[in-house]
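S.K.: Here you go, this is protein_32.txt (compact mmCIF, C-alpha atoms and all ligand atoms).
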# COMPACT_ATOMS: atom_id res chain seq x y z
CA MET V 24 10.76 -16.21 9.33
CA PRO V 25 12.20 -18.13 12.33
CA ALA V 26 15.63 -16.54 11.80
CA GLN V 27 14.25 -12.98 11.99
CA ASP V 28 14.16 -10.73 15.05
CA VAL V 29 11.54 -8.35 13.70
CA VAL V 30 9.14 -8.29 10.77
CA LEU V 31 8.58 -5.14 8.75
CA GLU V 32 5.12 -5.68 7.32
CA VAL V 33 4.45 -3.15 4.61
CA LEU V 34 0.78 -2.17 4.25
CA ASP V 35 -0.80 0.29 1.83
CA ALA V 36 -1.73 3.39 3.86
CA ARG V 37 -4.82 3.82 1.66
CA MET V 38 -6.09 0.37 2.76
CA PRO V 39 -4.23 -1.07 5.73
CA ARG V 40 -6.82 -3.80 6.25
CA ALA V 41 -7.30 -5.01 2.67
CA SER V 42 -3.52 -5.07 2.18
CA GLU V 43 -2.86 -7.13 5.32
CA ASN V 44 -2.04 -10.70 4.33
CA PRO V 45 -3.56 -13.16 6.86
CA VAL V 46 -0.88 -15.73 6.02
CA VAL V 47 1.82 -13.27 7.11
CA SER V 48 0.09 -12.70 10.45
CA GLU V 49 -0.13 -16.44 10.96
CA LEU V 50 3.53 -17.10 10.08
CA ARG V 51 4.71 -14.15 12.15
CA GLY V 52 3.10 -15.50 15.29
CA ARG V 53 4.33 -13.58 18.34
CA LYS V 54 7.36 -11.96 16.72
CA PRO V 55 7.66 -8.17 17.07
CA CYS V 56 6.38 -6.35 14.03
CA VAL V 57 6.48 -2.90 12.51
CA LYS V 58 3.39 -2.20 10.43
CA VAL V 59 4.78 0.20 7.85
CA LEU V 60 1.95 2.16 6.22
CA SER V 61 3.51 3.00 2.88
CA LYS V 62 2.56 5.60 0.25
CA SER V 63 1.09 7.79 2.99
CA ASP V 64 1.48 10.79 0.65
CA LEU V 65 -1.39 9.28 -1.38
CA ALA V 66 -3.66 8.55 1.60
CA ASP V 67 -6.08 10.85 3.41
CA PRO V 68 -3.99 12.17 6.34
CA ASP V 69 -6.96 12.29 8.73
CA VAL V 70 -7.78 8.64 8.06
CA THR V 71 -4.12 7.61 8.39
CA ARG V 72 -4.14 9.20 11.85
CA LEU V 73 -7.15 7.04 12.76
CA TRP V 74 -5.33 3.94 11.56
CA LEU V 75 -2.26 4.75 13.66
CA GLU V 76 -4.48 5.17 16.72
CA HIS V 77 -6.21 1.90 15.88
CA PHE V 78 -2.91 -0.01 15.75
CA GLU V 79 -1.73 1.69 18.94
CA ALA V 80 -4.85 0.44 20.73
CA LEU V 81 -4.30 -3.09 19.38
CA ASP V 82 -0.71 -3.06 20.62
CA ALA V 83 -1.79 -1.89 24.06
CA ALA V 84 -4.26 -4.79 24.24
CA ARG V 85 -1.91 -7.49 22.84
CA ALA V 86 -1.72 -10.89 24.46
CA GLU V 87 0.84 -11.60 27.16
CA GLY V 88 4.12 -12.89 25.69
CA SER V 89 3.42 -11.43 22.25
CA GLY V 90 5.98 -9.07 20.72
CA ARG V 91 5.13 -5.41 20.28
CA VAL V 92 3.37 -4.36 17.09
CA VAL V 93 4.01 -0.72 16.22
CA ALA V 94 2.58 1.11 13.23
CA ILE V 95 4.24 4.03 11.46
CA ALA V 96 3.27 5.92 8.30
CA VAL V 97 5.98 6.56 5.73
CA THR V 98 6.39 8.16 2.32
CA THR V 99 9.21 8.42 -0.19
CA GLU V 100 8.79 12.19 0.16
CA ARG V 101 10.33 12.00 3.64
CA ALA V 102 13.10 9.43 3.36
CA ALA V 103 15.27 10.69 6.23
CA GLU V 104 12.31 10.54 8.60
CA THR V 105 11.56 6.96 7.46
CA ARG V 106 15.14 5.86 8.22
CA LYS V 107 15.06 7.51 11.64
CA ARG V 108 11.65 6.11 12.64
CA ILE V 109 12.40 2.55 11.49
CA ALA V 110 15.74 2.53 13.34
CA GLU V 111 14.08 3.88 16.50
CA VAL V 112 11.16 1.48 16.45
CA CYS V 113 13.27 -1.59 15.62
CA GLY V 114 15.71 -0.61 18.39
CA ALA V 115 12.82 -0.39 20.83
CA ILE V 116 10.93 -3.60 20.00
CA ALA V 117 13.45 -6.06 18.50
CA THR V 118 15.98 -8.04 20.52
CA PRO V 119 18.86 -9.36 18.42
CA THR V 120 19.18 -13.12 18.87
CA ARG V 121 21.83 -15.76 18.11
CA GLY V 122 24.66 -13.69 19.59
CA ARG V 123 24.25 -10.80 17.18
CA LYS V 124 24.52 -7.13 18.19
CA THR V 125 21.97 -5.83 15.72
CA ALA V 126 18.59 -7.08 14.62
CA ARG V 127 17.66 -9.05 11.55
CA ALA V 128 14.56 -7.78 9.84
CA MET V 129 12.46 -9.21 7.09
CA ILE V 130 10.31 -7.08 4.82
CA VAL V 131 7.04 -8.70 3.82
CA GLY V 132 3.78 -7.63 2.24
CA ILE V 133 1.50 -7.94 -0.73
CA PRO V 134 2.73 -7.11 -4.26
CA ASN V 135 3.39 -3.51 -5.33
CA VAL V 136 3.01 -2.06 -1.84
CA GLY V 137 6.48 -0.48 -1.72
CA LYS V 138 8.70 -3.10 -0.06
CA SER V 139 11.70 -2.69 -2.38
CA THR V 140 11.30 1.09 -2.28
CA LEU V 141 11.59 0.85 1.52
CA VAL V 142 14.77 -1.26 1.22
CA ASN V 143 16.30 1.39 -1.03
CA THR V 144 15.26 4.16 1.35
CA LEU V 145 16.80 2.35 4.33
CA ALA V 146 19.96 1.43 2.42
CA LYS V 147 20.24 4.97 0.98
CA ARG V 148 20.94 3.58 -2.49
CA LYS V 149 19.19 1.71 -5.23
CA ILE V 150 19.77 -1.92 -4.38
CA ALA V 151 16.40 -3.41 -5.17
CA ASN V 152 14.45 -3.03 -8.41
CA VAL V 153 11.16 -1.18 -8.06
CA GLY V 154 8.29 -0.70 -10.51
CA ASP V 155 4.65 0.24 -10.54
CA GLU V 156 3.28 -3.23 -11.18
CA PRO V 157 2.93 -6.37 -9.05
CA ALA V 158 5.68 -9.03 -8.94
CA VAL V 159 8.72 -6.84 -9.67
CA THR V 160 10.82 -8.60 -7.02
CA LYS V 161 11.27 -12.29 -7.88
CA SER V 162 13.43 -13.64 -5.04
CA GLU V 163 14.78 -12.81 -1.60
CA GLN V 164 17.53 -10.18 -1.45
CA VAL V 165 19.55 -9.54 1.70
CA VAL V 166 21.07 -6.14 2.47
CA LEU V 167 23.35 -5.01 5.30
CA LEU V 168 22.49 -1.52 6.55
CA GLU V 169 24.97 1.08 7.87
CA ASN V 170 23.67 0.58 11.41
CA GLY V 171 24.45 -3.12 11.22
CA MET V 172 20.90 -4.27 10.72
CA THR V 173 20.36 -7.07 8.20
CA LEU V 174 17.34 -6.57 6.02
CA SER V 175 15.75 -8.92 3.55
CA ASP V 176 13.51 -7.83 0.70
CA ASN V 177 11.04 -10.40 -0.56
CA PRO V 178 8.61 -10.90 -3.42
CA GLY V 179 5.11 -9.71 -2.68
CA ILE V 180 2.79 -12.51 -1.64
CA MET V 181 -0.95 -12.83 -1.89
CA TRP V 182 -2.99 -15.39 -0.03
CA PRO V 183 -5.00 -18.21 -1.65
CA LYS V 184 -8.47 -16.76 -1.38
CA ILE V 185 -9.63 -13.20 -0.78
CA GLU V 186 -12.69 -13.72 1.40
CA ASP V 187 -13.95 -10.15 1.31
CA PRO V 188 -14.95 -9.20 -2.27
CA SER V 189 -14.77 -5.47 -1.60
CA GLY V 190 -11.28 -5.97 -0.11
CA GLY V 191 -10.34 -7.63 -3.40
CA LEU V 192 -11.69 -4.67 -5.37
CA ARG V 193 -9.75 -2.22 -3.20
CA LEU V 194 -6.56 -4.19 -3.86
CA ALA V 195 -7.28 -4.20 -7.59
CA PHE V 196 -8.08 -0.48 -7.66
CA GLY V 197 -4.81 0.26 -5.84
CA GLY V 198 -2.71 -1.89 -8.17
CA ALA V 199 -1.78 -4.95 -6.09
CA ILE V 200 -3.29 -7.39 -8.58
CA PRO V 201 -2.03 -7.47 -12.20
CA ASP V 202 -4.30 -5.42 -14.46
CA ALA V 203 -4.48 -8.31 -16.93
CA ALA V 204 -6.24 -10.38 -14.27
CA LEU V 205 -9.04 -7.88 -13.77
CA ASP V 206 -12.25 -6.74 -15.28
CA TYR V 207 -10.98 -3.19 -15.56
CA GLU V 208 -14.37 -1.57 -15.89
CA SER V 209 -15.82 -3.23 -12.76
CA VAL V 210 -12.80 -2.11 -10.77
CA ALA V 211 -13.22 1.47 -12.01
CA LEU V 212 -16.95 1.40 -11.23
CA PHE V 213 -16.21 0.20 -7.72
CA GLY V 214 -13.70 3.04 -7.22
CA ALA V 215 -16.05 5.59 -8.79
CA GLY V 216 -18.85 4.61 -6.39
CA LEU V 217 -16.56 4.82 -3.38
CA LEU V 218 -15.14 8.22 -4.33
CA LEU V 219 -18.59 9.64 -5.15
CA GLU V 220 -19.66 8.73 -1.65
CA ARG V 221 -16.56 9.78 0.29
CA TYR V 222 -14.59 12.29 -1.77
CA PRO V 223 -17.13 14.10 -4.01
CA ALA V 224 -15.34 17.46 -3.76
CA LEU V 225 -12.05 15.97 -5.02
CA LEU V 226 -13.86 14.39 -7.99
CA ALA V 227 -15.61 17.67 -8.85
CA LYS V 228 -12.29 19.51 -8.79
CA ARG V 229 -10.28 16.97 -10.78
CA TYR V 230 -12.86 16.52 -13.56
CA LYS V 231 -14.24 20.08 -13.43
CA LEU V 232 -17.78 18.91 -12.67
CA THR V 233 -20.32 21.54 -11.61
CA THR V 234 -22.87 18.89 -10.68
CA LEU V 235 -21.87 15.40 -9.63
CA PRO V 236 -23.15 12.50 -11.75
CA ALA V 237 -25.87 10.43 -10.08
CA ASP V 238 -23.91 7.18 -9.92
CA ALA V 239 -20.65 5.43 -10.75
CA ASP V 240 -21.81 4.54 -14.26
CA ALA V 241 -22.62 8.14 -15.09
CA LEU V 242 -19.35 9.32 -13.55
CA LEU V 243 -17.30 6.99 -15.74
CA ASP V 244 -19.20 8.20 -18.82
CA GLU V 245 -18.61 11.81 -17.83
CA ILE V 246 -14.86 11.21 -17.35
CA GLY V 247 -14.81 9.53 -20.77
CA ARG V 248 -16.56 12.52 -22.38
CA ARG V 249 -14.31 15.08 -20.74
CA ARG V 250 -11.11 13.22 -21.54
CA GLY V 251 -12.01 12.47 -25.14
CA CYS V 252 -12.21 8.68 -24.64
CA LEU V 253 -14.41 8.22 -27.68
CA ARG V 254 -14.86 5.53 -30.27
CA SER V 255 -15.87 6.07 -33.86
CA GLY V 256 -19.40 7.42 -33.98
CA GLY V 257 -18.81 9.41 -30.77
CA LYS V 258 -19.60 6.52 -28.43
CA ILE V 259 -17.74 6.59 -25.11
CA ASP V 260 -14.85 4.16 -24.81
CA ARG V 261 -15.51 2.88 -21.30
CA HIS V 262 -12.32 0.87 -21.08
CA LYS V 263 -10.26 3.98 -21.83
CA ALA V 264 -12.30 6.03 -19.36
CA ALA V 265 -11.69 3.35 -16.71
CA ASP V 266 -7.98 3.48 -17.50
CA VAL V 267 -7.84 7.27 -17.10
CA PHE V 268 -9.73 7.15 -13.81
CA ILE V 269 -7.72 4.26 -12.27
CA HIS V 270 -4.45 5.90 -13.32
CA ASP V 271 -5.56 9.23 -11.80
CA PHE V 272 -6.35 7.49 -8.52
CA ARG V 273 -3.12 5.49 -8.35
CA THR V 274 -0.89 8.49 -9.06
CA GLY V 275 -2.69 10.71 -6.55
CA ALA V 276 -3.94 13.10 -9.28
CA ILE V 277 -7.43 13.15 -7.76
CA GLY V 278 -6.07 13.92 -4.31
CA ARG V 279 -5.23 12.15 -1.08
CA ILE V 280 -7.69 9.30 -0.72
CA SER V 281 -8.15 6.42 1.72
CA LEU V 282 -10.30 3.48 0.70
CA GLU V 283 -11.05 2.24 4.22
CA ARG V 284 -11.26 3.41 7.80
CA PRO V 285 -10.58 1.37 10.91
N1 LIG R 1 3.52 7.88 -4.15
C1 LIG R 1 4.30 6.94 -3.62
N2 LIG R 1 4.66 5.87 -4.35
C2 LIG R 1 5.43 4.94 -3.78
C3 LIG R 1 5.90 5.05 -2.44
N3 LIG R 1 6.63 3.94 -2.15
C4 LIG R 1 6.62 3.19 -3.26
N4 LIG R 1 5.93 3.77 -4.25
C5 LIG R 1 5.70 3.26 -5.63
O1 LIG R 1 5.03 2.02 -5.56
C6 LIG R 1 5.41 1.18 -6.65
C7 LIG R 1 5.80 -0.19 -6.16
O2 LIG R 1 7.01 -0.10 -5.42
P1 LIG R 1 7.95 -1.37 -5.16
O3 LIG R 1 8.93 -0.93 -4.12
O4 LIG R 1 8.48 -1.95 -6.41
O5 LIG R 1 6.90 -2.40 -4.51
P2 LIG R 1 7.16 -3.88 -3.99
O6 LIG R 1 6.32 -4.03 -2.77
O7 LIG R 1 8.60 -4.15 -3.84
O8 LIG R 1 6.51 -4.73 -5.17
P3 LIG R 1 6.79 -6.29 -5.63
O9 LIG R 1 8.26 -6.52 -5.63
O10 LIG R 1 6.21 -6.34 -6.99
O11 LIG R 1 6.04 -7.13 -4.67
C8 LIG R 1 6.55 1.94 -7.37
O12 LIG R 1 6.01 2.60 -8.49
C9 LIG R 1 7.01 2.93 -6.33
O13 LIG R 1 7.57 4.08 -6.91
C10 LIG R 1 5.51 6.22 -1.68
O14 LIG R 1 5.83 6.42 -0.51
N5 LIG R 1 4.71 7.12 -2.32
MG MG R 2 9.75 -5.54 -4.76
Please re-express this file's structure in structure tokens.
M.R.:
Amino acid sequence: MPAQDVVLEVLDARMPRASENPVVSELRGRKPCVKVLSKSDLADPDVTRLWLEHFEALDAARAEGSGRVVAIAVTTERAAETRKRIAEVCGAIATPTRGRKTARAMIVGIPNVGKSTLVNTLAKRKIANVGDEPAVTKSEQVVLLENGMTLSDNPGIMWPKIEDPSGGLRLAFGGAIPDAALDYESVALFGAGLLLERYPALLAKRYKLTTLPADADALLDEIGRRRGCLRSGGKIDRHKAADVFIHDFRTGAIGRISLERP
């Protein structure tokens, strides 16, 4: 961290607060930072706009002597725009040190948030391995970009204790925590409750529901029934239903959803 001129902190656009690692903020100190809201194609665009305004207000009110903190929303669907925006923002807020002409940037963030994908987008080739599970990247990897910037990709890091239980559930629902470490059904129930409250129309459309189930439990059962997640004797296989629902959310099949607002 001390050798870097700017930190690219990748956050999940669907949950910029839950995916913000407090240890990263502490280590970063007063260094300039780009908050890169990744996977914005999966997030609710209206809510992403609110988050960008929120970060803009924080930057305007930052302490004297602190580096700028600028948020941008990116998606793999608009790679050229991502390259242009990152180059612009880094040019504006980072000052190359140690006699260099171009900045050194470090990519940090929680697991599975899209750090290596961002490296590949910026490098315009597949340098870093990516995969839809946490802990794909195992060690630091340094890349030199065409514009002279040095970029380092890093393994995703979590912090020792997630204080906010609902933040932990959001992370689990989004895929930042290995599925083997979770009670799958509780995570699905949490997501089902949240979507029933905030995105009922998207649920009705995806699962062809004419009336919405009364609660998360009933929704999971209904998804199980409609998707043929049945055990012998016709009983609903709740684990399978949870799997279908979580997968639908993570791939964007239900629609563009944000799990938190500023
Ligand atoms: N829909 C969508 N998926 C994305 C986007 N960016 C990354 N992903 C997916 O997110 C998953 C994780 O991407 P990675 O780049 O491997 O994430 P990482 O942060 O490097 O993960 P670790 O190395 O495990 O910490 C992959 O399945 C990517 O395809 C995006 O903009 N939109
Ligand atoms: Mg990675």
S.K.: So which residues are near ligand LIG 1 (chain R), meaning at most 7 Å away with only C-alpha atoms and all ligand atoms counted, given back as a VMD selection string?
M.R.: chain V and resid 61 to 65 97 to 100 132 to 141 152 to 161 177 to 180 274
S.K.: With all atoms listed in the file as the counted atoms, please give the residues lying no more than 8 Å from region 146-148 of chain V, apart from itself and same-chain residues fewer than 4 positions off, as an NGL selection string.
M.R.: :V and (142 or 166-169)
S.K.: Quick one, how far is CA of Ile185 (chain V) from CA of Ile200 (chain V)?
M.R.: 11.6 Å
S.K.: Which value, in Å to one decimal, gives the distance between CA of Val112 (chain V) and CA of Arg273 (chain V)?
M.R.: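 Separation between CA of Val112 (chain V) and CA of Arg273 (chain V): 28.9 Å.
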S.K.: Given the point (13.5, 2.7, 5.7) in the coordinates of this file, which residues lie within 7 Å, counting all atoms listed in the file, and how would they look as a PyMOL selection string?
M.R.: chain V and resi 105-106+109+141-142+144-145
S.K.: Determine the nearest neighbour of ligand MG 2 (chain R) from the options V:Asp67, V:Glu163, V:Asp35, V:Glu87, counting only C-alpha atoms and all ligand atoms.
M.R.: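 For ligand MG 2 (chain R), the nearest of the candidates is V:Glu163.
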S.K.: Enter the distance from CA of Thr173 (chain V) to CA of Arg127 (chain V), in Å, rounded to one decimal.
M.R.: 4.7 Å
S.K.: Got a sec: who's within 12 Å of Leu194 (chain V), counting all atoms listed in the file, leaving out chain neighbours fewer than 5 positions off, as a PyMOL selection string?
M.R.: chain V and resi 34-44+133-136+157+181+185+187-189+199-202+205+210-211+213-214+269+273+282-283
S.K.: Which residue gives the smallest distance to ligand MG 2 (chain R) among V:Val33, V:Ala151, V:Leu218, V:Ile280, with all atoms listed in the file counted?
M.R.: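 Distance minimum relative to ligand MG 2 (chain R) lands on V:Ala151.
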S.K.: In terms of the shortest atom-to-atom distance over only C-alpha atoms, which of V:His262, V:Lys58, V:Arg108, V:Arg85 is closest to Met129 (chain V)?
M.R.: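 The shortest atom-to-atom distance to Met129 (chain V) comes from V:Lys58.
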S.K.: Give the answer as one residue: which of V:Ala80, V:Ile150, V:Ala102, V:Val46 has the shortest atom-to-atom distance to ligand MG 2 (chain R), using all atoms listed in the file?
M.R.: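 That would be V:Ile150, the residue with the smallest distance to ligand MG 2 (chain R).
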S.K.: Quick one: everything within 12 Å of region 232-238 of chain V, counting all atoms listed in the file, minus sequence neighbours fewer than 6 positions away in the same chain. Send it as a list of chain:residue names.
M.R.: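 The contact residues come out as V:Leu212, V:Phe213, V:Gly214, V:Ala215, V:Gly216, V:Leu217, V:Leu218, V:Leu219, V:Glu220, V:Tyr222, V:Pro223, V:Ala224, V:Leu225, V:Leu226, V:Asp244, V:Glu245, V:Ile246, V:Arg248, V:Arg249.
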S.K.: Could I get region 260-281 of chain V rebuilt with N, CA and C atoms, written as a PDB file, in the frame of the given file?
M.R.:
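New file out.pdb:
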ATOM      1  N   ASP V 260     -15.671   5.351 -24.990  1.00  0.00           N
ATOM      2  CA  ASP V 260     -14.850   4.160 -24.810  1.00  0.00           C
ATOM      3  C   ASP V 260     -14.670   3.952 -23.310  1.00  0.00           C
ATOM      4  N   ARG V 261     -15.486   3.055 -22.753  1.00  0.00           N
ATOM      5  CA  ARG V 261     -15.510   2.880 -21.300  1.00  0.00           C
ATOM      6  C   ARG V 261     -14.212   2.292 -20.766  1.00  0.00           C
ATOM      7  N   HIS V 262     -13.570   1.461 -21.543  1.00  0.00           N
ATOM      8  CA  HIS V 262     -12.320   0.870 -21.080  1.00  0.00           C
ATOM      9  C   HIS V 262     -11.264   1.967 -20.922  1.00  0.00           C
ATOM     10  N   LYS V 263     -11.212   2.863 -21.891  1.00  0.00           N
ATOM     11  CA  LYS V 263     -10.260   3.980 -21.830  1.00  0.00           C
ATOM     12  C   LYS V 263     -10.591   4.900 -20.660  1.00  0.00           C
ATOM     13  N   ALA V 264     -11.881   5.159 -20.474  1.00  0.00           N
ATOM     14  CA  ALA V 264     -12.300   6.030 -19.360  1.00  0.00           C
ATOM     15  C   ALA V 264     -11.902   5.398 -18.030  1.00  0.00           C
ATOM     16  N   ALA V 265     -12.081   4.071 -17.932  1.00  0.00           N
ATOM     17  CA  ALA V 265     -11.690   3.350 -16.710  1.00  0.00           C
ATOM     18  C   ALA V 265     -10.189   3.479 -16.488  1.00  0.00           C
ATOM     19  N   ASP V 266      -9.437   3.387 -17.567  1.00  0.00           N
ATOM     20  CA  ASP V 266      -7.980   3.480 -17.500  1.00  0.00           C
ATOM     21  C   ASP V 266      -7.544   4.854 -16.981  1.00  0.00           C
ATOM     22  N   VAL V 267      -8.158   5.898 -17.526  1.00  0.00           N
ATOM     23  CA  VAL V 267      -7.840   7.270 -17.100  1.00  0.00           C
ATOM     24  C   VAL V 267      -8.124   7.429 -15.605  1.00  0.00           C
ATOM     25  N   PHE V 268      -9.294   6.973 -15.197  1.00  0.00           N
ATOM     26  CA  PHE V 268      -9.730   7.150 -13.810  1.00  0.00           C
ATOM     27  C   PHE V 268      -8.834   6.362 -12.832  1.00  0.00           C
ATOM     28  N   ILE V 269      -8.561   5.090 -13.159  1.00  0.00           N
ATOM     29  CA  ILE V 269      -7.720   4.260 -12.270  1.00  0.00           C
ATOM     30  C   ILE V 269      -6.315   4.851 -12.179  1.00  0.00           C
ATOM     31  N   HIS V 270      -5.790   5.295 -13.309  1.00  0.00           N
ATOM     32  CA  HIS V 270      -4.450   5.900 -13.320  1.00  0.00           C
ATOM     33  C   HIS V 270      -4.438   7.172 -12.463  1.00  0.00           C
ATOM     34  N   ASP V 271      -5.473   7.996 -12.595  1.00  0.00           N
ATOM     35  CA  ASP V 271      -5.560   9.230 -11.800  1.00  0.00           C
ATOM     36  C   ASP V 271      -5.583   8.907 -10.306  1.00  0.00           C
ATOM     37  N   PHE V 272      -6.309   7.863  -9.938  1.00  0.00           N
ATOM     38  CA  PHE V 272      -6.350   7.490  -8.520  1.00  0.00           C
ATOM     39  C   PHE V 272      -4.980   7.008  -8.044  1.00  0.00           C
ATOM     40  N   ARG V 273      -4.380   6.102  -8.809  1.00  0.00           N
ATOM     41  CA  ARG V 273      -3.120   5.490  -8.350  1.00  0.00           C
ATOM     42  C   ARG V 273      -1.982   6.490  -8.252  1.00  0.00           C
ATOM     43  N   THR V 274      -1.987   7.511  -9.099  1.00  0.00           N
ATOM     44  CA  THR V 274      -0.890   8.490  -9.060  1.00  0.00           C
ATOM     45  C   THR V 274      -1.180   9.632  -8.099  1.00  0.00           C
ATOM     46  N   GLY V 275      -2.363   9.646  -7.503  1.00  0.00           N
ATOM     47  CA  GLY V 275      -2.690  10.710  -6.550  1.00  0.00           C
ATOM     48  C   GLY V 275      -3.214  11.969  -7.229  1.00  0.00           C
ATOM     49  N   ALA V 276      -3.497  11.909  -8.554  1.00  0.00           N
ATOM     50  CA  ALA V 276      -3.940  13.100  -9.280  1.00  0.00           C
ATOM     51  C   ALA V 276      -5.297  13.607  -8.790  1.00  0.00           C
ATOM     52  N   ILE V 277      -6.110  12.718  -8.247  1.00  0.00           N
ATOM     53  CA  ILE V 277      -7.430  13.150  -7.760  1.00  0.00           C
ATOM     54  C   ILE V 277      -7.292  13.790  -6.381  1.00  0.00           C
ATOM     55  N   GLY V 278      -6.287  13.372  -5.650  1.00  0.00           N
ATOM     56  CA  GLY V 278      -6.070  13.920  -4.310  1.00  0.00           C
ATOM     57  C   GLY V 278      -5.678  12.809  -3.359  1.00  0.00           C
ATOM     58  N   ARG V 279      -5.627  13.143  -2.081  1.00  0.00           N
ATOM     59  CA  ARG V 279      -5.230  12.150  -1.080  1.00  0.00           C
ATOM     60  C   ARG V 279      -6.463  11.394  -0.603  1.00  0.00           C
ATOM     61  N   ILE V 280      -6.474  10.100  -0.910  1.00  0.00           N
ATOM     62  CA  ILE V 280      -7.690   9.300  -0.720  1.00  0.00           C
ATOM     63  C   ILE V 280      -7.386   8.017   0.052  1.00  0.00           C
ATOM     64  N   SER V 281      -8.237   7.714   1.032  1.00  0.00           N
ATOM     65  CA  SER V 281      -8.150   6.420   1.720  1.00  0.00           C
ATOM     66  C   SER V 281      -9.377   5.608   1.368  1.00  0.00           C
TER      67      SER V 281
END
